[in-house]
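Visitor: I am attaching a structure below and will ask some questions about it afterwards.
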Amino acid sequence: MMEILEGSHAVAEAVRLCRPQVVAAYPITPQTHIVEALASMVADCKLDAEYICVESEFSALSACLGASAAGSRVYSATTSQGLALMFEVCFNVAGMRQPVIMTIANRALGAPLNIWNDQQDSISLRDSGWLQFYAEDNQEATDLHFIAYKVAEDHRILLPAMVCFDGFILTHTYEPVDMPSQEAIDAFLPPYKPVTILDAKKPMSLGMYATPDYYMEFRYETDQAQKRAKEVFAEVGAEFAAKFGRDYSGLVEGYRLEDADMAFIALGSICGTVREAIDEMRAEGKKVGLLKIRSFRPFPSEEIRATLSGVSKVAVLDKNISLGQKGAVALEVRDALYGSGIDVKGYILALGGRDVRQADIKAIADLLEKGEGDQFFGLRTEVL
Amino acid sequence: MTEECELFECGHRACGGCGPALAARLIMKGTGENTIIVASTGCMEVFSTPYPETAWGVPWIHSLFENAAAVASGIEASLKKQGRDEHVVCICGDGATFDIGMLCISGAFERGHDITYICYDNEAYMNTGIQRSGATPYDADTTTSPAGKCSTGNQRPKKDLPAILAAHGATYVATASIAYPNDLIKKVQRAVSTHGPNYIQVHAPCATGWGFDGSQTMAVGRLAVETGLWVNYEMMNGEVERVRKVAHRKPVDDYLSVQKRFRHLYRPGRNEEEIAKIQAIADANARKFGVDLNVKKEE
């Protein structure tokens, strides 16, 4: 049913439809509205879940780990400093192969303290073993939760997943969202069936310590599960498309790329701005297109290579920076396109919530044409 | 449960005379098999679960050094949601409990989860060497609180964790010692059958860390109680209910002098001043809890 919803409330509604049995979260801006909405649903008996009011994000994810290991479908949400506080637990949840789903309302990391959007928080957890999906708008943020649970809980995968959407830009924006019915989601997402759980009738030890004789094989198997997730995501996305008419089968999504000689690559809500800018540039005769990366982990290297085969120049827009190096997405795209002859330039922009307009995207296209890149875009040099 | 079937099995890799290993075996006799164990990083994890082996006959999960109480909170909520009734029991060392895990323990106790948290207290970080923790007693020599020309070892008293957790609204709080096995087992039985957050702190001497012969673990544990440096007591809803009395309390010398961690108090000469301070700690414990038989508890 089509509804006008705040992004956070759309996500909370999607989570409710997924029927999590345990929710543990700690409020933090701009994630707060999601967990408040879920708390209200539990209070109103609209969501039949145990809601644990933990004292920190660290305990939120720890509680999710325990709840998942005991066999329940679980949920949490966080952002920025909260995700940073979870860092250690993130690696453990993935290493113990628990399909925890967590929404990330993307926000900058301090210092300096900043509550606004960029994607430094989740990007910094890229090596933790979590699947990472990025939403462009609130419809996609909603739908990716259904897909994330189904992919994460698939017995070929059993990995946690982050559904990332831009703080404030999406979390606090009202948009029309087509919310599926409970019956339709029940048919799409069956109850969680764990492979092994903590059960006194079938004792097993979980999270024991592994010496050099075994540790590497655990990492290898987790890596293999990440790679298998590409295929499973495509399968689940296609099933979702068949049932709900919205196609998320691609780990990447192209826009006006068919005859493009220049392409932008980005994650999240900025793709909307890029689409508008592309339409304007197309009207001016420039052959530009967009490649949106929906799944940052697993990283769709083959898909990027295949989709961009006809393009000569690529501008990667990074709302993050690996300080002392470049934007994380640019680095990975360059790796994916290594040897292809495609010129890849990276642009760091929108850090800490700085606005990006269509004119900025067009200015970046000009820089790319001139071969200027691998730089911060939109720096206020007068305050440096 | 029979002797042939231990829930904490033989075959683990603890040192000879390991107090915590004995604690684990006794604790499991108290919990029974309908139990899920949550463990923090520590000696016990290392000596009991080197993959692919495990000494645990019940479901067991380890996550991190500091989050056992939070993981247990999640397990408890998950069981509740599924209508299951296993006991959720944390078994963690003193570093994980007194120091790094306090945030998670505080949260779990304040929320009132139905869990039993048991700290095996060997009074230092033992699996990384022998370093000071918040449970290390006054004047103990550890590698991070070494006794030297200008120091007599650890300069702070042991943190009073039972009181802290009682103040959090813990239902049942008890201290126990591996040297009194039946008492420990009974307290564990009482904790797991009491609804709410419960805490037991088990004095578990570490032969390696404290420097005594592994055959003497029980004797050293008993001396701690007989000198008044460790008091076995039970609290219900914040009130002390029961205390193990001592008929003729021994001087602290009897306990200190048999451990290398207090050797500096006797060599080169007997350090009267410091030993008197430790005796004062024991005396204060005795007064506070009414340990001495025929002596009235301090009001």
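Chain labels run A, B, ... following the order of the structure tokens; each chain numbers its residues from 1, and ligands are numbered from 1 in the order shown.
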Return the neighbours of chain A among the residues of chain B, cut-off 9 Å, counting only C-alpha atoms, as a ChimeraX atom specification.
Guide: /B:33-36,38,45-46,48-54,56-64,67-82,86,103-104,106-108,111
Visitor: May I have all residues of region 141-265 of chain A that DSSP, computed from the backbone, assigns to strand (DSSP E or B), given as a list of chain:residue names?
Guide: A:Ala161, A:Met162, A:Val163, A:Cys164, A:Phe165, A:Asp166, A:Tyr174, A:Glu175, A:Pro176, A:Val177, A:Asp178, A:Ser205, A:Leu206, A:Tyr209, A:Val252, A:Glu253, A:Gly254, A:Tyr255, A:Met262, A:Ala263, A:Phe264, A:Ile265
Visitor: Excluding same-chain residues fewer than 4 positions from region 374-383 of chain A, what lies within 12 Å of it counting only C-alpha atoms, as a ChimeraX atom specification?
Guide: /A:314-321,323-331,334,343-351,354-357,359-365,367-368
Visitor: Selected residues, N, CA and C atoms, written as a CSV table (one decimal), in the first residue's frame, please.
Guide:
chain,number,residue,atom,x,y,z
A,314,VAL,N,35.7,7.3,-15.8
A,314,VAL,CA,34.8,7.1,-14.6
A,314,VAL,C,35.1,8.1,-13.5
A,315,ALA,N,34.0,8.7,-12.9
A,315,ALA,CA,34.2,9.5,-11.8
A,315,ALA,C,33.5,8.8,-10.6
A,316,VAL,N,34.3,8.5,-9.6
A,316,VAL,CA,33.8,7.8,-8.4
A,316,VAL,C,33.5,8.9,-7.3
A,317,LEU,N,32.3,8.9,-6.8
A,317,LEU,CA,31.9,9.9,-5.8
A,317,LEU,C,32.0,9.2,-4.4
A,318,ASP,N,32.9,9.6,-3.6
A,318,ASP,CA,33.1,8.9,-2.3
A,318,ASP,C,32.6,9.9,-1.1
A,319,LYS,N,31.7,9.4,-0.4
A,319,LYS,CA,31.3,10.1,0.9
A,319,LYS,C,32.1,9.5,2.0
A,320,ASN,N,33.3,9.3,1.8
A,320,ASN,CA,34.2,8.7,2.8
A,320,ASN,C,35.6,8.9,2.3
A,321,ILE,N,36.6,8.8,3.2
A,321,ILE,CA,38.0,8.8,2.8
A,321,ILE,C,38.8,7.9,3.6
A,323,LEU,N,41.9,8.0,5.0
A,323,LEU,CA,42.9,9.1,5.1
A,323,LEU,C,44.3,8.7,4.8
A,324,GLY,N,45.0,9.5,4.0
A,324,GLY,CA,46.3,9.2,3.6
A,324,GLY,C,46.3,8.4,2.3
A,325,GLN,N,45.1,8.0,1.9
A,325,GLN,CA,44.9,7.3,0.6
A,325,GLN,C,43.8,8.1,-0.2
A,326,LYS,N,42.8,7.3,-0.6
A,326,LYS,CA,41.7,8.0,-1.4
A,326,LYS,C,40.4,7.5,-0.8
A,327,GLY,N,39.3,7.8,-1.6
A,327,GLY,CA,38.0,7.3,-1.2
A,327,GLY,C,38.0,5.7,-1.4
A,328,ALA,N,37.3,5.1,-0.5
A,328,ALA,CA,37.3,3.6,-0.5
A,328,ALA,C,36.7,3.0,-1.8
A,329,VAL,N,35.6,3.7,-2.2
A,329,VAL,CA,34.9,3.1,-3.4
A,329,VAL,C,35.8,3.3,-4.6
A,330,ALA,N,36.5,4.4,-4.7
A,330,ALA,CA,37.4,4.7,-5.9
A,330,ALA,C,38.5,3.6,-5.9
A,331,LEU,N,39.0,3.3,-4.8
A,331,LEU,CA,40.1,2.3,-4.7
A,331,LEU,C,39.6,1.0,-5.2
A,334,ARG,N,38.8,1.0,-9.0
A,334,ARG,CA,40.1,0.9,-9.7
A,334,ARG,C,40.6,-0.5,-9.8
A,343,ASP,N,39.8,5.2,-17.5
A,343,ASP,CA,40.4,6.2,-16.6
A,343,ASP,C,39.5,6.4,-15.4
A,344,VAL,N,39.9,6.0,-14.2
A,344,VAL,CA,39.1,6.1,-13.0
A,344,VAL,C,39.6,7.3,-12.1
A,345,LYS,N,38.8,8.2,-11.9
A,345,LYS,CA,39.2,9.3,-11.0
A,345,LYS,C,38.2,9.4,-9.8
A,346,GLY,N,38.7,9.7,-8.6
A,346,GLY,CA,37.9,9.7,-7.4
A,346,GLY,C,37.7,11.1,-6.9
A,347,TYR,N,36.5,11.4,-6.3
A,347,TYR,CA,36.2,12.7,-5.8
A,347,TYR,C,35.6,12.5,-4.4
A,348,ILE,N,36.2,13.1,-3.4
A,348,ILE,CA,35.7,13.0,-2.0
A,348,ILE,C,34.8,14.2,-1.8
A,349,LEU,N,33.6,13.9,-1.4
A,349,LEU,CA,32.6,15.0,-1.3
A,349,LEU,C,31.6,14.7,-0.2
A,350,ALA,N,30.9,15.8,0.1
A,350,ALA,CA,29.7,15.6,1.0
A,350,ALA,C,30.1,15.1,2.4
A,351,LEU,N,31.3,15.3,2.8
A,351,LEU,CA,31.7,14.8,4.2
A,351,LEU,C,31.0,15.6,5.2
A,354,ARG,N,27.9,18.0,4.0
A,354,ARG,CA,27.9,19.2,3.1
A,354,ARG,C,27.1,18.8,1.9
A,355,ASP,N,26.3,19.8,1.5
A,355,ASP,CA,25.3,19.6,0.4
A,355,ASP,C,26.0,19.3,-0.9
A,356,VAL,N,25.4,18.5,-1.7
A,356,VAL,CA,25.8,18.3,-3.1
A,356,VAL,C,24.6,18.6,-4.0
A,357,ARG,N,24.9,19.5,-5.0
A,357,ARG,CA,23.8,19.9,-5.9
A,357,ARG,C,24.1,19.3,-7.3
A,359,ALA,N,24.6,21.0,-9.9
A,359,ALA,CA,25.6,21.8,-10.5
A,359,ALA,C,27.0,21.2,-10.1
A,360,ASP,N,27.1,20.7,-8.9
A,360,ASP,CA,28.4,20.1,-8.4
A,360,ASP,C,28.7,18.8,-9.3
A,361,ILE,N,27.7,18.1,-9.6
A,361,ILE,CA,27.9,16.8,-10.3
A,361,ILE,C,28.4,17.2,-11.7
A,362,LYS,N,27.8,18.3,-12.3
A,362,LYS,CA,28.2,18.7,-13.6
A,362,LYS,C,29.7,19.3,-13.6
A,363,ALA,N,30.0,19.9,-12.5
A,363,ALA,CA,31.4,20.5,-12.3
A,363,ALA,C,32.4,19.3,-12.2
A,364,ILE,N,31.9,18.2,-11.6
A,364,ILE,CA,32.8,17.0,-11.5
A,364,ILE,C,33.0,16.4,-12.9
A,365,ALA,N,31.9,16.4,-13.7
A,365,ALA,CA,32.0,15.9,-15.0
A,365,ALA,C,33.1,16.7,-15.8
A,367,LEU,N,35.6,18.3,-14.5
A,367,LEU,CA,37.0,18.0,-14.0
A,367,LEU,C,37.4,16.7,-14.6
A,368,LEU,N,36.5,15.7,-14.7
A,368,LEU,CA,36.9,14.4,-15.2
A,368,LEU,C,37.3,14.5,-16.7
Visitor: Quick one: everything within 9 Å of region 173-189 of chain B, counting only C-alpha atoms, minus sequence neighbours fewer than 4 positions away in the same chain. Send it as a PyMOL selection string.
Guide: chain B and resi 19-20+22-23+26-32+116+118+162-163+165-166+193-194+197-205+217-222+225+230-238+240
Visitor: Which one is closest to Gly272 (chain A): A:Thr171, A:Thr196, A:Asn138, A:Ser309? Count only C-alpha atoms.
Guide: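 Checking each candidate against Gly272 (chain A), we get A:Asn138 as the closest.
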Visitor: Work out how far CA of Val236 (chain A) is from CA of Tyr174 (chain A), in Å to one decimal.
Guide: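 It comes out at 27.4 Å.
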Visitor: For the helix (DSSP H, G or I) assignment from backbone DSSP, which residues of region 41-260 of chain B qualify? Please present them as a ChimeraX atom specification.
Guide: /B:43-48,68-82,94-99,102-111,161-167,181-192,207-210,214-227,253-256,260
Visitor: Name all residues at most 12 Å from region 43-46 of chain A (count only C-alpha atoms; drop same-chain ones fewer than 2 positions away) and give them as a PyMOL selection string.
Guide: chain A and resi 12-13+15-17+19-20+36-41+48-51+182
Visitor: The selected residues should be written to file as a compact mmCIF listing (two decimals), in the first residue's frame (atoms: N, CA, C and O atoms).
Guide:
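Below you can see again.txt, which holds the result:
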# COMPACT_ATOMS: atom_id res chain seq x y z
N ALA A 12 11.28 1.14 9.97
CA ALA A 12 10.72 0.46 11.15
C ALA A 12 9.55 -0.43 10.75
O ALA A 12 9.40 -1.56 11.24
N GLU A 13 8.72 0.06 9.84
CA GLU A 13 7.57 -0.72 9.37
C GLU A 13 8.05 -1.98 8.63
O GLU A 13 7.51 -3.08 8.81
N VAL A 15 10.87 -3.49 9.10
CA VAL A 15 11.43 -4.40 10.11
C VAL A 15 10.30 -5.15 10.80
O VAL A 15 10.38 -6.35 11.04
N ARG A 16 9.24 -4.44 11.12
CA ARG A 16 8.08 -5.09 11.77
C ARG A 16 7.55 -6.22 10.90
O ARG A 16 7.26 -7.32 11.41
N LEU A 17 7.46 -5.97 9.60
CA LEU A 17 6.94 -7.00 8.69
C LEU A 17 7.85 -8.23 8.64
O LEU A 17 7.40 -9.32 8.31
N ARG A 19 9.16 -9.58 11.16
CA ARG A 19 8.91 -10.31 12.40
C ARG A 19 10.18 -10.68 13.18
O ARG A 19 10.41 -11.86 13.50
N PRO A 20 11.00 -9.70 13.54
CA PRO A 20 12.15 -10.01 14.40
C PRO A 20 11.63 -10.44 15.77
O PRO A 20 10.62 -9.92 16.24
N GLU A 36 12.72 4.19 18.13
CA GLU A 36 11.54 4.70 18.84
C GLU A 36 10.26 4.10 18.26
O GLU A 36 9.35 3.68 18.98
N ALA A 37 10.22 4.06 16.92
CA ALA A 37 9.02 3.51 16.26
C ALA A 37 8.85 2.03 16.61
O ALA A 37 7.74 1.58 16.89
N LEU A 38 9.97 1.30 16.64
CA LEU A 38 9.88 -0.13 16.98
C LEU A 38 9.44 -0.32 18.44
O LEU A 38 8.65 -1.22 18.74
N ALA A 39 9.96 0.54 19.33
CA ALA A 39 9.55 0.46 20.74
C ALA A 39 8.05 0.70 20.87
O ALA A 39 7.36 0.00 21.63
N SER A 40 7.53 1.66 20.11
CA SER A 40 6.08 1.94 20.13
C SER A 40 5.29 0.74 19.63
O SER A 40 4.23 0.39 20.19
N MET A 41 5.80 0.12 18.58
CA MET A 41 5.09 -1.05 18.02
C MET A 41 5.03 -2.18 19.06
O MET A 41 4.01 -2.86 19.18
N ASP A 48 5.45 -8.40 17.99
CA ASP A 48 5.59 -9.39 19.07
C ASP A 48 7.07 -9.75 19.21
O ASP A 48 7.52 -10.79 18.73
N ALA A 49 7.82 -8.85 19.85
CA ALA A 49 9.27 -9.07 19.99
C ALA A 49 9.71 -8.70 21.40
O ALA A 49 9.05 -7.92 22.08
N GLU A 50 10.83 -9.28 21.81
CA GLU A 50 11.49 -8.83 23.03
C GLU A 50 12.32 -7.61 22.65
O GLU A 50 13.19 -7.70 21.78
N TYR A 51 12.06 -6.49 23.28
CA TYR A 51 12.81 -5.27 22.99
C TYR A 51 13.74 -5.00 24.17
O TYR A 51 13.26 -4.76 25.28
N GLN A 182 1.63 -7.77 5.23
CA GLN A 182 2.23 -8.81 6.08
C GLN A 182 2.15 -10.17 5.39
O GLN A 182 3.12 -10.94 5.43
Visitor: For Ile130 (chain B), work out the shell of residues within 7 Å, counting only C-alpha atoms and skipping chain neighbours fewer than 3 positions away, then give it as a VMD selection string.
Guide: chain B and resid 124 to 126 142 to 143 209
Visitor: Keeping only N, CA, C and O atoms, write those residues as a PDB file, in the first residue's frame.
Guide:
ATOM      1  N   ALA B 124      43.706 -11.636  39.403  1.00  0.00           N
ATOM      2  CA  ALA B 124      44.591 -10.956  38.438  1.00  0.00           C
ATOM      3  C   ALA B 124      44.242 -11.442  37.029  1.00  0.00           C
ATOM      4  O   ALA B 124      43.464 -12.376  36.861  1.00  0.00           O
ATOM      5  N   TYR B 125      44.809 -10.769  36.031  1.00  0.00           N
ATOM      6  CA  TYR B 125      44.690 -11.261  34.648  1.00  0.00           C
ATOM      7  C   TYR B 125      45.698 -12.394  34.522  1.00  0.00           C
ATOM      8  O   TYR B 125      46.897 -12.146  34.491  1.00  0.00           O
ATOM      9  N   MET B 126      45.211 -13.618  34.442  1.00  0.00           N
ATOM     10  CA  MET B 126      46.139 -14.739  34.504  1.00  0.00           C
ATOM     11  C   MET B 126      46.477 -15.338  33.147  1.00  0.00           C
ATOM     12  O   MET B 126      47.510 -15.969  33.001  1.00  0.00           O
ATOM     13  N   THR B 142      52.202  -8.254  41.212  1.00  0.00           N
ATOM     14  CA  THR B 142      51.870  -8.772  39.877  1.00  0.00           C
ATOM     15  C   THR B 142      52.831  -8.105  38.903  1.00  0.00           C
ATOM     16  O   THR B 142      53.571  -7.190  39.290  1.00  0.00           O
ATOM     17  N   THR B 143      52.791  -8.520  37.656  1.00  0.00           N
ATOM     18  CA  THR B 143      53.749  -7.956  36.696  1.00  0.00           C
ATOM     19  C   THR B 143      53.442  -6.499  36.357  1.00  0.00           C
ATOM     20  O   THR B 143      54.297  -5.793  35.843  1.00  0.00           O
ATOM     21  N   GLY B 209      49.778 -18.142  39.177  1.00  0.00           N
ATOM     22  CA  GLY B 209      49.809 -16.692  39.356  1.00  0.00           C
ATOM     23  C   GLY B 209      50.162 -16.273  40.779  1.00  0.00           C
ATOM     24  O   GLY B 209      50.774 -15.224  40.987  1.00  0.00           O
TER      25      GLY B 209
END
Visitor: Please provide as a VMD selection string all residues within 8 Å of Asp166 (chain A), with the sequence filter that same-chain residues fewer than 6 positions apart are discarded (counting only C-alpha atoms).
Guide: chain A and resid 105 to 107 117 to 119 135 268 to 269
Visitor: Those selected residues, please, written with C-alpha atoms and delivered as a tab-separated table (two decimals), in the first residue's frame.
Guide:
chain	number	residue	atom	x	y	z
A	105	ALA	CA	21.63	5.55	9.24
A	106	ASN	CA	24.88	6.74	7.69
A	107	ARG	CA	26.60	9.58	9.54
A	117	ASN	CA	25.48	12.40	6.69
A	118	ASP	CA	28.41	10.77	5.04
A	119	GLN	CA	29.25	7.09	4.74
A	135	ALA	CA	19.72	2.37	-0.51
A	268	GLY	CA	23.17	5.79	-1.68
A	269	SER	CA	21.01	8.87	-1.94
Visitor: Counting only C-alpha atoms, which residue out of A:Lys230, A:Arg97, A:Arg126, A:His172 sits closest to Ser301 (chain A)?
Guide: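 The closest residue to Ser301 (chain A) is A:Lys230.
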